[in-house]
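Structure file structure24.txt (compact mmCIF, C-alpha atoms and all ligand atoms) follows.
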# COMPACT_ATOMS: atom_id res chain seq x y z
CA MET A 1 -0.76 26.61 -1.13
CA ARG A 2 2.38 28.66 -1.83
CA LEU A 3 4.34 30.94 0.46
CA THR A 4 4.59 34.54 -0.67
CA ASP A 5 7.95 36.20 -1.32
CA THR A 6 7.55 38.12 1.96
CA GLN A 7 6.91 34.91 3.90
CA LEU A 8 9.89 33.20 2.28
CA ALA A 9 12.10 36.20 3.07
CA GLN A 10 10.97 36.14 6.73
CA PHE A 11 11.80 32.42 6.92
CA HIS A 12 15.23 32.81 5.35
CA THR A 13 16.20 35.82 7.48
CA GLU A 14 14.67 34.97 10.84
CA GLY A 15 14.72 31.15 10.57
CA TRP A 16 11.02 30.75 11.34
CA LEU A 17 7.55 31.57 10.02
CA PHE A 18 4.19 31.41 11.79
CA LEU A 19 0.91 31.08 9.89
CA PRO A 20 -2.00 31.66 12.30
CA GLU A 21 -5.20 29.63 11.98
CA LEU A 22 -4.05 27.57 8.99
CA PHE A 23 -6.48 24.82 10.02
CA SER A 24 -10.14 25.46 10.88
CA PRO A 25 -11.58 24.83 14.36
CA GLU A 26 -13.39 21.78 12.90
CA GLU A 27 -10.20 20.29 11.40
CA VAL A 28 -8.22 20.85 14.55
CA ALA A 29 -10.96 19.49 16.83
CA VAL A 30 -10.80 16.07 15.19
CA LEU A 31 -7.01 16.00 15.64
CA ARG A 32 -7.26 17.10 19.27
CA THR A 33 -9.83 14.41 20.10
CA GLU A 34 -7.71 11.74 18.41
CA ALA A 35 -4.55 12.95 20.21
CA GLN A 36 -6.31 12.69 23.57
CA ALA A 37 -7.39 9.13 22.73
CA ILE A 38 -3.84 8.20 21.65
CA PHE A 39 -2.38 9.52 24.90
CA ARG A 40 -4.79 7.30 26.86
CA THR A 41 -3.35 4.17 25.23
CA GLU A 42 -0.23 2.24 26.19
CA ARG A 43 2.18 1.59 23.35
CA GLN A 44 5.92 1.78 22.88
CA GLU A 45 5.55 4.90 20.72
CA ILE A 46 4.14 6.88 23.67
CA TRP A 47 6.72 8.31 26.04
CA ARG A 48 5.78 9.73 29.43
CA GLU A 49 7.15 12.40 31.75
CA LYS A 50 8.74 11.21 34.97
CA THR A 51 5.32 11.86 36.64
CA GLY A 52 3.63 9.45 34.19
CA ALA A 53 1.88 12.27 32.28
CA PRO A 54 2.17 11.90 28.50
CA ARG A 55 5.11 13.71 26.87
CA THR A 56 5.36 12.54 23.26
CA ALA A 57 3.48 10.16 20.98
CA PHE A 58 5.68 9.16 18.05
CA ALA A 59 4.64 8.04 14.57
CA ALA A 60 0.88 8.61 14.97
CA HIS A 61 0.64 9.00 11.16
CA THR A 62 1.35 5.25 10.90
CA TYR A 63 -1.55 4.12 13.10
CA ASN A 64 -4.16 6.90 13.16
CA GLU A 65 -6.19 8.09 10.17
CA ALA A 66 -6.52 11.77 11.20
CA PHE A 67 -2.76 12.06 11.76
CA ARG A 68 -2.07 10.16 8.51
CA LEU A 69 -4.05 12.84 6.66
CA LEU A 70 -2.26 15.64 8.52
CA GLY A 71 1.11 14.09 7.64
CA ALA A 72 0.29 14.34 3.93
CA HIS A 73 -1.60 17.62 4.06
CA PRO A 74 -0.87 20.02 1.20
CA ARG A 75 -0.99 23.05 3.53
CA LEU A 76 2.07 21.59 5.31
CA ILE A 77 3.88 19.72 2.55
CA ARG A 78 3.75 22.31 -0.26
CA PRO A 79 5.47 25.18 1.63
CA VAL A 80 8.37 22.91 2.64
CA GLU A 81 8.70 21.50 -0.90
CA GLN A 82 8.85 25.12 -2.02
CA VAL A 83 11.71 25.90 0.38
CA PHE A 84 13.78 22.78 -0.44
CA GLY A 85 12.82 22.49 -4.12
CA GLU A 86 12.34 18.72 -3.99
CA HIS A 87 10.11 15.97 -2.68
CA LEU A 88 9.96 15.18 1.03
CA TYR A 89 9.63 12.15 3.22
CA MET A 90 8.64 11.94 6.90
CA HIS A 91 11.75 11.73 9.08
CA GLN A 92 9.93 12.02 12.41
CA TYR A 93 6.39 12.60 13.58
CA LYS A 94 5.49 13.49 17.12
CA ILE A 95 2.61 14.84 19.16
CA ASN A 96 3.98 16.67 22.19
CA ALA A 97 1.46 16.85 25.00
CA LYS A 98 2.98 19.47 27.35
CA ALA A 99 0.27 18.35 29.75
CA ALA A 100 -1.55 20.69 32.12
CA PHE A 101 0.42 20.99 35.42
CA ASP A 102 2.90 18.21 34.44
CA GLY A 103 4.38 19.17 31.06
CA GLU A 104 8.14 19.35 31.48
CA VAL A 105 10.86 21.47 29.95
CA TRP A 106 12.48 20.96 26.52
CA GLN A 107 16.04 22.16 27.01
CA TRP A 108 17.67 24.61 24.56
CA HIS A 109 18.73 22.69 21.46
CA GLN A 110 18.93 22.58 17.67
CA ASP A 111 17.04 19.74 16.00
CA TYR A 112 19.69 19.15 13.37
CA GLY A 113 22.15 18.46 16.21
CA THR A 114 20.17 15.29 17.02
CA TRP A 115 19.34 14.36 13.41
CA GLN A 116 23.02 14.57 12.46
CA ARG A 117 24.56 12.86 15.52
CA ASP A 118 21.93 10.18 16.14
CA ASP A 119 20.53 9.55 12.67
CA GLY A 120 23.38 10.40 10.28
CA MET A 121 21.46 13.09 8.37
CA PRO A 122 23.91 14.71 5.92
CA GLU A 123 22.60 18.32 5.82
CA PRO A 124 20.11 20.52 7.71
CA ARG A 125 17.67 20.09 4.82
CA ALA A 126 14.83 18.90 7.04
CA MET A 127 12.24 21.17 8.59
CA ASN A 128 10.04 21.06 11.61
CA ILE A 129 6.44 21.99 11.00
CA SER A 130 4.38 22.50 14.16
CA VAL A 131 0.61 22.46 14.19
CA TYR A 132 -0.99 23.80 17.35
CA LEU A 133 -3.73 21.50 18.67
CA ASP A 134 -4.46 23.74 21.67
CA GLU A 135 -4.14 27.46 22.10
CA VAL A 136 -0.48 28.25 22.71
CA MET A 137 -0.25 31.06 25.24
CA PRO A 138 2.63 32.93 26.90
CA ILE A 139 1.83 30.98 30.09
CA ASN A 140 1.49 27.32 29.02
CA GLY A 141 5.02 26.53 27.87
CA PRO A 142 5.11 28.00 24.35
CA LEU A 143 7.95 27.07 22.08
CA MET A 144 10.68 29.74 22.39
CA LEU A 145 12.90 30.45 19.39
CA VAL A 146 16.13 32.39 19.03
CA PRO A 147 15.69 34.26 15.73
CA ARG A 148 18.59 34.08 13.24
CA SER A 149 20.42 31.44 15.28
CA GLN A 150 20.18 29.09 12.26
CA ASN A 151 23.15 31.06 10.90
CA ALA A 152 25.36 29.75 13.74
CA GLY A 153 25.52 26.34 12.01
CA ASP A 154 25.71 23.04 13.90
CA LEU A 155 26.79 24.06 17.45
CA GLU A 156 28.68 21.94 19.96
CA ALA A 157 26.20 20.11 22.19
CA SER A 158 26.14 17.58 25.02
CA HIS A 159 23.87 14.58 25.27
CA ASP A 160 21.47 15.21 28.15
CA LEU A 161 20.09 11.89 29.40
CA GLN A 162 19.12 13.20 32.86
CA THR A 163 16.92 16.27 32.80
CA THR A 164 13.81 14.82 31.14
CA SER A 165 12.56 11.45 29.94
CA TYR A 166 13.77 12.27 26.41
CA PRO A 167 17.50 12.22 25.44
CA LEU A 168 18.49 15.41 23.68
CA TRP A 169 21.69 17.09 22.41
CA THR A 170 21.51 20.34 24.38
CA LEU A 171 23.39 23.65 24.25
CA ASP A 172 25.32 25.22 27.12
CA GLU A 173 24.24 28.46 28.80
CA ALA A 174 27.12 30.55 27.40
CA THR A 175 26.19 29.61 23.82
CA VAL A 176 22.49 30.35 24.35
CA THR A 177 23.33 33.68 26.05
CA ARG A 178 25.57 34.73 23.14
CA LEU A 179 22.94 33.89 20.52
CA VAL A 180 20.11 35.51 22.49
CA LYS A 181 22.16 38.74 22.78
CA GLN A 182 22.21 38.80 18.97
CA GLY A 183 18.70 37.60 18.10
CA GLY A 184 16.53 37.85 21.23
CA ILE A 185 13.80 35.29 21.95
CA VAL A 186 10.35 35.00 20.40
CA ALA A 187 7.47 32.76 21.45
CA PRO A 188 4.87 32.60 18.67
CA THR A 189 1.51 32.22 20.38
CA GLY A 190 -1.90 31.69 18.84
CA LYS A 191 -5.07 29.69 18.59
CA ALA A 192 -5.28 26.00 17.84
CA GLY A 193 -4.85 25.49 14.10
CA GLY A 194 -1.77 27.73 13.76
CA MET A 195 1.33 26.42 11.97
CA LEU A 196 4.93 27.27 12.82
CA MET A 197 7.83 26.21 10.62
CA PHE A 198 11.45 26.62 11.65
CA HIS A 199 14.93 25.87 10.32
CA GLY A 200 16.67 22.69 11.52
CA ASN A 201 19.50 24.74 13.07
CA LEU A 202 17.27 27.28 14.84
CA VAL A 203 17.91 27.22 18.61
CA HIS A 204 14.70 26.54 20.56
CA GLY A 205 13.27 25.12 23.76
CA SER A 206 10.27 25.43 26.06
CA ALA A 207 9.62 25.78 29.79
CA GLY A 208 7.41 23.52 31.89
CA ASN A 209 3.65 23.92 31.99
CA ILE A 210 2.26 24.48 35.48
CA THR A 211 -1.05 25.90 34.23
CA PRO A 212 -4.36 24.02 33.87
CA TYR A 213 -4.11 24.56 30.08
CA PRO A 214 -2.59 21.72 28.03
CA ARG A 215 -0.40 22.73 25.08
CA LYS A 216 -0.49 19.96 22.50
CA ILE A 217 1.58 20.51 19.35
CA VAL A 218 2.14 18.09 16.46
CA TYR A 219 5.61 18.19 14.89
CA LEU A 220 6.22 16.83 11.43
CA THR A 221 9.88 16.63 10.53
CA LEU A 222 9.97 16.73 6.75
CA ASN A 223 13.28 15.74 5.18
CA ALA A 224 14.33 16.37 1.57
CA VAL A 225 14.39 12.92 -0.07
CA SER A 226 18.03 13.29 -1.24
CA ASN A 227 19.01 14.02 2.39
CA TYR A 228 17.82 10.63 3.70
CA ILE A 229 19.48 9.45 6.91
CA ARG A 230 22.64 7.36 6.51
CA ARG A 231 23.46 6.04 10.03
CA PRO A 232 20.29 5.59 12.11
CA THR A 233 20.74 4.58 15.74
CA ARG A 234 17.26 5.31 17.09
CA PRO A 235 14.23 3.01 16.74
CA ASP A 236 12.44 3.40 13.42
CA TYR A 237 9.30 4.74 15.08
CA ILE A 238 11.47 7.75 16.10
CA ALA A 239 13.72 8.13 13.02
CA HIS A 240 11.83 6.65 10.08
CA ARG A 241 13.51 4.49 7.42
CA ASP A 242 10.75 4.81 4.81
CA PHE A 243 12.14 7.39 2.38
CA THR A 244 9.16 7.26 0.00
CA PRO A 245 8.21 10.77 -1.20
CA ILE A 246 5.00 12.00 0.44
CA LYS A 247 1.99 12.20 -1.89
CA THR A 248 -0.40 14.87 -0.67
CA VAL A 249 -4.07 14.23 0.13
CA ASP A 250 -6.93 16.55 -0.83
CA ASP A 251 -7.03 19.88 0.93
CA ASN A 252 -10.47 19.05 2.38
CA ALA A 253 -9.50 15.54 3.62
CA LEU A 254 -9.50 16.51 7.30
CA SER A 255 -12.82 18.34 7.16
CA ARG A 256 -14.34 15.30 5.40
CA LEU A 257 -13.07 13.10 8.23
CA ALA A 258 -14.49 15.53 10.80
CA GLY A 259 -17.86 15.31 9.02
CA ALA A 260 -17.74 11.50 9.05
CA HIS A 261 -16.97 11.51 12.80
CA ARG A 262 -19.89 13.90 13.40
CA GLU A 263 -22.31 11.68 11.47
CA ALA A 264 -21.11 8.57 13.31
CA ALA A 265 -21.78 10.33 16.65
CA GLU A 266 -25.35 11.31 15.67
C1 LIG B 1 11.00 19.95 20.36
O1 LIG B 1 11.82 20.83 20.35
O2 LIG B 1 11.18 18.93 19.69
C2 LIG B 1 9.76 20.06 21.17
C3 LIG B 1 9.65 21.25 21.98
C4 LIG B 1 8.30 21.47 22.55
O3 LIG B 1 7.33 20.78 22.20
O4 LIG B 1 8.16 22.40 23.34
MN MN B 2 13.31 20.45 18.81

Since I need it in another form, could you write the structure as structure tokens?
Ligand code: SIN
Ligand code: MN
Amino acid sequence: MRLTDTQLAQFHTEGWLFLPELFSPEEVAVLRTEAQAIFRTERQEIWREKTGAPRTAFAAHTYNEAFRLLGAHPRLIRPVEQVFGEHLYMHQYKINAKAAFDGEVWQWHQDYGTWQRDDGMPEPRAMNISVYLDEVMPINGPLMLVPRSQNAGDLEASHDLQTTSYPLWTLDEATVTRLVKQGGIVAPTGKAGGMLMFHGNLVHGSAGNITPYPRKIVYLTLNAVSNYIRRPTRPDYIAHRDFTPIKTVDDNALSRLAGAHREAAE
């Protein structure tokens, strides 16, 4: 799969690109079922909200077959290889639950702020790819992006260890207000199976979810191999140290797995 010139231009200008329904309902159903099962388990890779509801499951590609296949899926890997012009490795992999009623806020931040300060990543040559496992609606805590804010570079940030259960380098209100005056805010919504990619310096965040609708999203952080991290401080299930280039699986790998699960259930 290759991005068109129009799609590439939208990414470079606005800092983000949304491809609706990139995965079929069958492919996404197997991922959703597996994510629910993962969130029911207790392991160090699963972080919870202060209420105990699941927040993030890290590194599921290392212990779950469906998420392993997603982490090497050509529909995700090829577009990012196209943007960076080189091979990629997995810097971080997370499933964010944003649970019904209990999903908490993600404060305004840039991802590269954390990758640079906490992991020693030289350049913002890593990209977040989000795959929607549930329908993302205006009401269930969609990801909000500030278009064109990637052009602001690496902004000053403070380390928030209080607001949520996840430490994050967050931006102050004056900075967010200034950037929003220039670029506005968008919240790409859509059915499960959609894919959103955004620049490592794009300012983003999300509000809490007080609706009965969960909003699970998988985030692959794909880093250009030459941009491997130099000074990691976080556990390796959060900031991976395996810089091996990703080899893609077949395009139909997830639908084959869905078929195998169906047969096993019959
Ligand atoms: C993130 O920015 O890493 C996650 C935000 C979200 O899932 O809403
Ligand atoms: Mn982020």

Q | Contacts of A:Ser24 within 9 Å, all atoms listed in the file, excl. fewer than 2 positions in-chain, as an MDAnalysis selection string | A | chainID A and resid 21:22 26:29 192:193 255

Q) Which protein, DNA or RNA residues have an atom within 9 Å of ligand MN 2 (chain B), counting all atoms listed in the file, as a ChimeraX atom specification? A) /A:106-112,114,128,168,200,202-205,219

Q: May I ask which of the residues A:Thr175, A:Thr13, A:Asn96, A:Gln116 is the closest one to A:Ser206, counting only C-alpha atoms?
A: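 Of all the options, A:Asn96 lies closest to A:Ser206.
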
(Q) So, with all atoms listed in the file as the atoms that count, which of A:Ile46, A:Leu8, A:Val180, A:Ala59 lies closest to A:Leu145? (A)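 Using all atoms listed in the file, A:Leu145 sits closest to A:Val180.
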
Q. Which residues come within 9 Å of A:Tyr93, counting all atoms listed in the file, excluding same-chain residues fewer than 6 positions away, as number ranges by chain?
A. A: 57-61, 71, 218-222, 237-240

Q | Between atom CA of A:Arg148 and atom CA of A:Lys216, distance in Å (one decimal) | A |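 Atom CA of A:Lys216 lies 25.5 Å from atom CA of A:Arg148.
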
Q: Quick one: everything within 7 Å of A:Pro54, counting all atoms listed in the file, minus sequence neighbours fewer than 6 positions away in the same chain. Send it as a PyMOL selection string.
A: chain A and resi 39+47-48+97+99

Q.
What's the separation between atom C2 of ligand LIG 1 (chain B) and atom CA of A:Arg55, in Å to one decimal place?
A.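 So the two atoms, atom C2 of ligand LIG 1 (chain B) and atom CA of A:Arg55, lie 9.7 Å apart.
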
Work out where the centre of an axis-aligned box around every listed atom of stretch 247-254 of chain A lies and how long its edges are once 4 Å is added on each side; give both in Å to one decimal as JSON.
{"center_x": -4.2, "center_y": 16.0, "center_z": 2.7, "size_x": 20.5, "size_y": 15.7, "size_z": 17.2}

Q: Rank nothing, just name the residue among A:His91, A:Ser165, A:Ala66, A:Ile217 nearest to A:Leu196, using all atoms listed in the file.
A: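 When distances to A:Leu196 are compared using all atoms listed in the file, the smallest one comes from A:Ile217.
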
Env of A:Arg256: 12 Å cut, atoms = only C-alpha atoms, seq-sep filter 2 positions within chain, self excluded. Answer as a short mmCIF file (atom, residue, chain, number, x, y, z; two decimals) with C-alpha atoms, keeping the file's coordinate frame.
data_model
loop_
_atom_site.label_atom_id
_atom_site.label_comp_id
_atom_site.auth_asym_id
_atom_site.auth_seq_id
_atom_site.Cartn_x
_atom_site.Cartn_y
_atom_site.Cartn_z
CA GLU A 26 -13.39 21.78 12.90
CA GLU A 27 -10.20 20.29 11.40
CA VAL A 30 -10.80 16.07 15.19
CA GLU A 65 -6.19 8.09 10.17
CA ALA A 66 -6.52 11.77 11.20
CA LEU A 69 -4.05 12.84 6.66
CA VAL A 249 -4.07 14.23 0.13
CA ASP A 250 -6.93 16.55 -0.83
CA ASP A 251 -7.03 19.88 0.93
CA ASN A 252 -10.47 19.05 2.38
CA ALA A 253 -9.50 15.54 3.62
CA LEU A 254 -9.50 16.51 7.30
CA ALA A 258 -14.49 15.53 10.80
CA GLY A 259 -17.86 15.31 9.02
CA ALA A 260 -17.74 11.50 9.05
CA HIS A 261 -16.97 11.51 12.80
CA ARG A 262 -19.89 13.90 13.40
CA GLU A 263 -22.31 11.68 11.47
#

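With all atoms listed in the file as the atoms that count, the minimum distance from ligand LIG 1 (chain B) to the choices A:Gln36, A:Thr62, A:Thr51, A:Ser130 is reached by A:Ser130.
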
Starting from the structure just given, write a file holding stretch 140-172 of chain A with N, CA, C and O atoms, as a PDB file, in the first residue's frame.
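And here is the file that came out, decode02.pdb:
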ATOM      1  N   ASN A 140     -16.778  10.151  23.038  1.00  0.00           N
ATOM      2  CA  ASN A 140     -16.099   9.166  23.906  1.00  0.00           C
ATOM      3  C   ASN A 140     -14.579   9.380  24.024  1.00  0.00           C
ATOM      4  O   ASN A 140     -13.818   8.441  24.101  1.00  0.00           O
ATOM      5  N   GLY A 141     -14.203  10.651  24.048  1.00  0.00           N
ATOM      6  CA  GLY A 141     -12.792  10.972  24.299  1.00  0.00           C
ATOM      7  C   GLY A 141     -11.920  10.767  23.082  1.00  0.00           C
ATOM      8  O   GLY A 141     -10.850  10.148  23.174  1.00  0.00           O
ATOM      9  N   PRO A 142     -12.331  11.317  21.906  1.00  0.00           N
ATOM     10  CA  PRO A 142     -11.492  11.154  20.711  1.00  0.00           C
ATOM     11  C   PRO A 142     -10.154  11.850  20.904  1.00  0.00           C
ATOM     12  O   PRO A 142     -10.035  12.764  21.725  1.00  0.00           O
ATOM     13  N   LEU A 143      -9.180  11.416  20.136  1.00  0.00           N
ATOM     14  CA  LEU A 143      -7.904  12.110  20.140  1.00  0.00           C
ATOM     15  C   LEU A 143      -8.128  13.474  19.476  1.00  0.00           C
ATOM     16  O   LEU A 143      -8.764  13.556  18.420  1.00  0.00           O
ATOM     17  N   MET A 144      -7.619  14.544  20.111  1.00  0.00           N
ATOM     18  CA  MET A 144      -7.733  15.887  19.534  1.00  0.00           C
ATOM     19  C   MET A 144      -6.340  16.339  19.095  1.00  0.00           C
ATOM     20  O   MET A 144      -5.369  16.169  19.846  1.00  0.00           O
ATOM     21  N   LEU A 145      -6.268  16.870  17.889  1.00  0.00           N
ATOM     22  CA  LEU A 145      -4.983  17.265  17.302  1.00  0.00           C
ATOM     23  C   LEU A 145      -5.000  18.759  17.001  1.00  0.00           C
ATOM     24  O   LEU A 145      -6.048  19.294  16.623  1.00  0.00           O
ATOM     25  N   VAL A 146      -3.850  19.383  17.116  1.00  0.00           N
ATOM     26  CA  VAL A 146      -3.730  20.786  16.707  1.00  0.00           C
ATOM     27  C   VAL A 146      -2.989  20.805  15.362  1.00  0.00           C
ATOM     28  O   VAL A 146      -1.762  20.637  15.325  1.00  0.00           O
ATOM     29  N   PRO A 147      -3.739  20.942  14.254  1.00  0.00           N
ATOM     30  CA  PRO A 147      -3.107  20.887  12.940  1.00  0.00           C
ATOM     31  C   PRO A 147      -1.968  21.888  12.804  1.00  0.00           C
ATOM     32  O   PRO A 147      -2.033  22.996  13.341  1.00  0.00           O
ATOM     33  N   ARG A 148      -0.931  21.490  12.118  1.00  0.00           N
ATOM     34  CA  ARG A 148       0.249  22.310  11.775  1.00  0.00           C
ATOM     35  C   ARG A 148       1.164  22.609  12.965  1.00  0.00           C
ATOM     36  O   ARG A 148       2.183  23.274  12.804  1.00  0.00           O
ATOM     37  N   SER A 149       0.793  22.124  14.158  1.00  0.00           N
ATOM     38  CA  SER A 149       1.626  22.439  15.333  1.00  0.00           C
ATOM     39  C   SER A 149       2.961  21.705  15.275  1.00  0.00           C
ATOM     40  O   SER A 149       3.882  22.027  16.024  1.00  0.00           O
ATOM     41  N   GLN A 150       3.113  20.736  14.359  1.00  0.00           N
ATOM     42  CA  GLN A 150       4.418  20.056  14.222  1.00  0.00           C
ATOM     43  C   GLN A 150       5.497  21.056  13.814  1.00  0.00           C
ATOM     44  O   GLN A 150       6.677  20.837  14.087  1.00  0.00           O
ATOM     45  N   ASN A 151       5.069  22.172  13.196  1.00  0.00           N
ATOM     46  CA  ASN A 151       6.057  23.169  12.755  1.00  0.00           C
ATOM     47  C   ASN A 151       6.638  23.974  13.913  1.00  0.00           C
ATOM     48  O   ASN A 151       7.613  24.696  13.736  1.00  0.00           O
ATOM     49  N   ALA A 152       6.038  23.860  15.087  1.00  0.00           N
ATOM     50  CA  ALA A 152       6.526  24.616  16.260  1.00  0.00           C
ATOM     51  C   ALA A 152       7.782  23.979  16.836  1.00  0.00           C
ATOM     52  O   ALA A 152       8.392  24.547  17.750  1.00  0.00           O
ATOM     53  N   GLY A 153       8.182  22.808  16.355  1.00  0.00           N
ATOM     54  CA  GLY A 153       9.390  22.152  16.878  1.00  0.00           C
ATOM     55  C   GLY A 153       9.133  21.542  18.247  1.00  0.00           C
ATOM     56  O   GLY A 153       7.988  21.331  18.650  1.00  0.00           O
ATOM     57  N   ASP A 154      10.234  21.275  18.964  1.00  0.00           N
ATOM     58  CA  ASP A 154      10.150  20.625  20.278  1.00  0.00           C
ATOM     59  C   ASP A 154       9.899  21.728  21.323  1.00  0.00           C
ATOM     60  O   ASP A 154      10.796  22.500  21.633  1.00  0.00           O
ATOM     61  N   LEU A 155       8.686  21.798  21.854  1.00  0.00           N
ATOM     62  CA  LEU A 155       8.285  22.896  22.752  1.00  0.00           C
ATOM     63  C   LEU A 155       8.693  22.604  24.194  1.00  0.00           C
ATOM     64  O   LEU A 155       8.811  21.443  24.595  1.00  0.00           O
ATOM     65  N   GLU A 156       8.854  23.680  24.967  1.00  0.00           N
ATOM     66  CA  GLU A 156       9.165  23.517  26.389  1.00  0.00           C
ATOM     67  C   GLU A 156       8.000  22.783  27.073  1.00  0.00           C
ATOM     68  O   GLU A 156       6.835  23.060  26.782  1.00  0.00           O
ATOM     69  N   ALA A 157       8.324  21.861  27.961  1.00  0.00           N
ATOM     70  CA  ALA A 157       7.264  21.050  28.583  1.00  0.00           C
ATOM     71  C   ALA A 157       7.625  20.769  30.031  1.00  0.00           C
ATOM     72  O   ALA A 157       8.788  20.838  30.417  1.00  0.00           O
ATOM     73  N   SER A 158       6.609  20.469  30.849  1.00  0.00           N
ATOM     74  CA  SER A 158       6.928  20.052  32.233  1.00  0.00           C
ATOM     75  C   SER A 158       6.441  18.626  32.467  1.00  0.00           C
ATOM     76  O   SER A 158       5.455  18.177  31.871  1.00  0.00           O
ATOM     77  N   HIS A 159       7.157  17.956  33.364  1.00  0.00           N
ATOM     78  CA  HIS A 159       6.904  16.534  33.581  1.00  0.00           C
ATOM     79  C   HIS A 159       5.749  16.398  34.561  1.00  0.00           C
ATOM     80  O   HIS A 159       5.912  16.665  35.738  1.00  0.00           O
ATOM     81  N   ASP A 160       4.591  15.989  34.057  1.00  0.00           N
ATOM     82  CA  ASP A 160       3.410  15.843  34.913  1.00  0.00           C
ATOM     83  C   ASP A 160       3.365  14.423  35.474  1.00  0.00           C
ATOM     84  O   ASP A 160       3.124  13.466  34.733  1.00  0.00           O
ATOM     85  N   LEU A 161       3.579  14.328  36.780  1.00  0.00           N
ATOM     86  CA  LEU A 161       3.550  13.011  37.440  1.00  0.00           C
ATOM     87  C   LEU A 161       2.291  12.871  38.291  1.00  0.00           C
ATOM     88  O   LEU A 161       2.114  11.870  38.977  1.00  0.00           O
ATOM     89  N   GLN A 162       1.423  13.898  38.265  1.00  0.00           N
ATOM     90  CA  GLN A 162       0.281  13.947  39.192  1.00  0.00           C
ATOM     91  C   GLN A 162      -1.063  13.622  38.541  1.00  0.00           C
ATOM     92  O   GLN A 162      -1.861  12.863  39.091  1.00  0.00           O
ATOM     93  N   THR A 163      -1.319  14.251  37.383  1.00  0.00           N
ATOM     94  CA  THR A 163      -2.690  14.284  36.872  1.00  0.00           C
ATOM     95  C   THR A 163      -3.264  12.899  36.608  1.00  0.00           C
ATOM     96  O   THR A 163      -4.399  12.613  36.960  1.00  0.00           O
ATOM     97  N   THR A 164      -2.462  12.038  35.959  1.00  0.00           N
ATOM     98  CA  THR A 164      -2.962  10.695  35.633  1.00  0.00           C
ATOM     99  C   THR A 164      -1.948   9.677  36.144  1.00  0.00           C
ATOM    100  O   THR A 164      -0.935  10.030  36.733  1.00  0.00           O
ATOM    101  N   SER A 165      -2.239   8.411  35.853  1.00  0.00           N
ATOM    102  CA  SER A 165      -1.327   7.343  36.292  1.00  0.00           C
ATOM    103  C   SER A 165      -0.128   7.209  35.353  1.00  0.00           C
ATOM    104  O   SER A 165       0.687   6.326  35.529  1.00  0.00           O
ATOM    105  N   TYR A 166      -0.034   8.065  34.336  1.00  0.00           N
ATOM    106  CA  TYR A 166       1.031   7.926  33.343  1.00  0.00           C
ATOM    107  C   TYR A 166       1.855   9.210  33.270  1.00  0.00           C
ATOM    108  O   TYR A 166       1.305  10.278  32.971  1.00  0.00           O
ATOM    109  N   PRO A 167       3.159   9.170  33.557  1.00  0.00           N
ATOM    110  CA  PRO A 167       3.979  10.393  33.504  1.00  0.00           C
ATOM    111  C   PRO A 167       4.117  10.896  32.075  1.00  0.00           C
ATOM    112  O   PRO A 167       4.345  10.109  31.158  1.00  0.00           O
ATOM    113  N   LEU A 168       3.969  12.192  31.910  1.00  0.00           N
ATOM    114  CA  LEU A 168       3.958  12.748  30.551  1.00  0.00           C
ATOM    115  C   LEU A 168       4.571  14.147  30.579  1.00  0.00           C
ATOM    116  O   LEU A 168       4.355  14.898  31.531  1.00  0.00           O
ATOM    117  N   TRP A 169       5.320  14.500  29.524  1.00  0.00           N
ATOM    118  CA  TRP A 169       5.843  15.867  29.379  1.00  0.00           C
ATOM    119  C   TRP A 169       4.740  16.702  28.734  1.00  0.00           C
ATOM    120  O   TRP A 169       4.448  16.533  27.557  1.00  0.00           O
ATOM    121  N   THR A 170       4.118  17.586  29.518  1.00  0.00           N
ATOM    122  CA  THR A 170       2.915  18.280  29.048  1.00  0.00           C
ATOM    123  C   THR A 170       3.183  19.764  28.781  1.00  0.00           C
ATOM    124  O   THR A 170       4.125  20.352  29.322  1.00  0.00           O
ATOM    125  N   LEU A 171       2.298  20.345  27.963  1.00  0.00           N
ATOM    126  CA  LEU A 171       2.467  21.738  27.528  1.00  0.00           C
ATOM    127  C   LEU A 171       1.614  22.663  28.393  1.00  0.00           C
ATOM    128  O   LEU A 171       0.563  22.240  28.888  1.00  0.00           O
ATOM    129  N   ASP A 172       2.040  23.916  28.530  1.00  0.00           N
ATOM    130  CA  ASP A 172       1.235  24.827  29.363  1.00  0.00           C
ATOM    131  C   ASP A 172       0.086  25.425  28.525  1.00  0.00           C
ATOM    132  O   ASP A 172       0.065  25.355  27.301  1.00  0.00           O
TER     133      ASP A 172
END
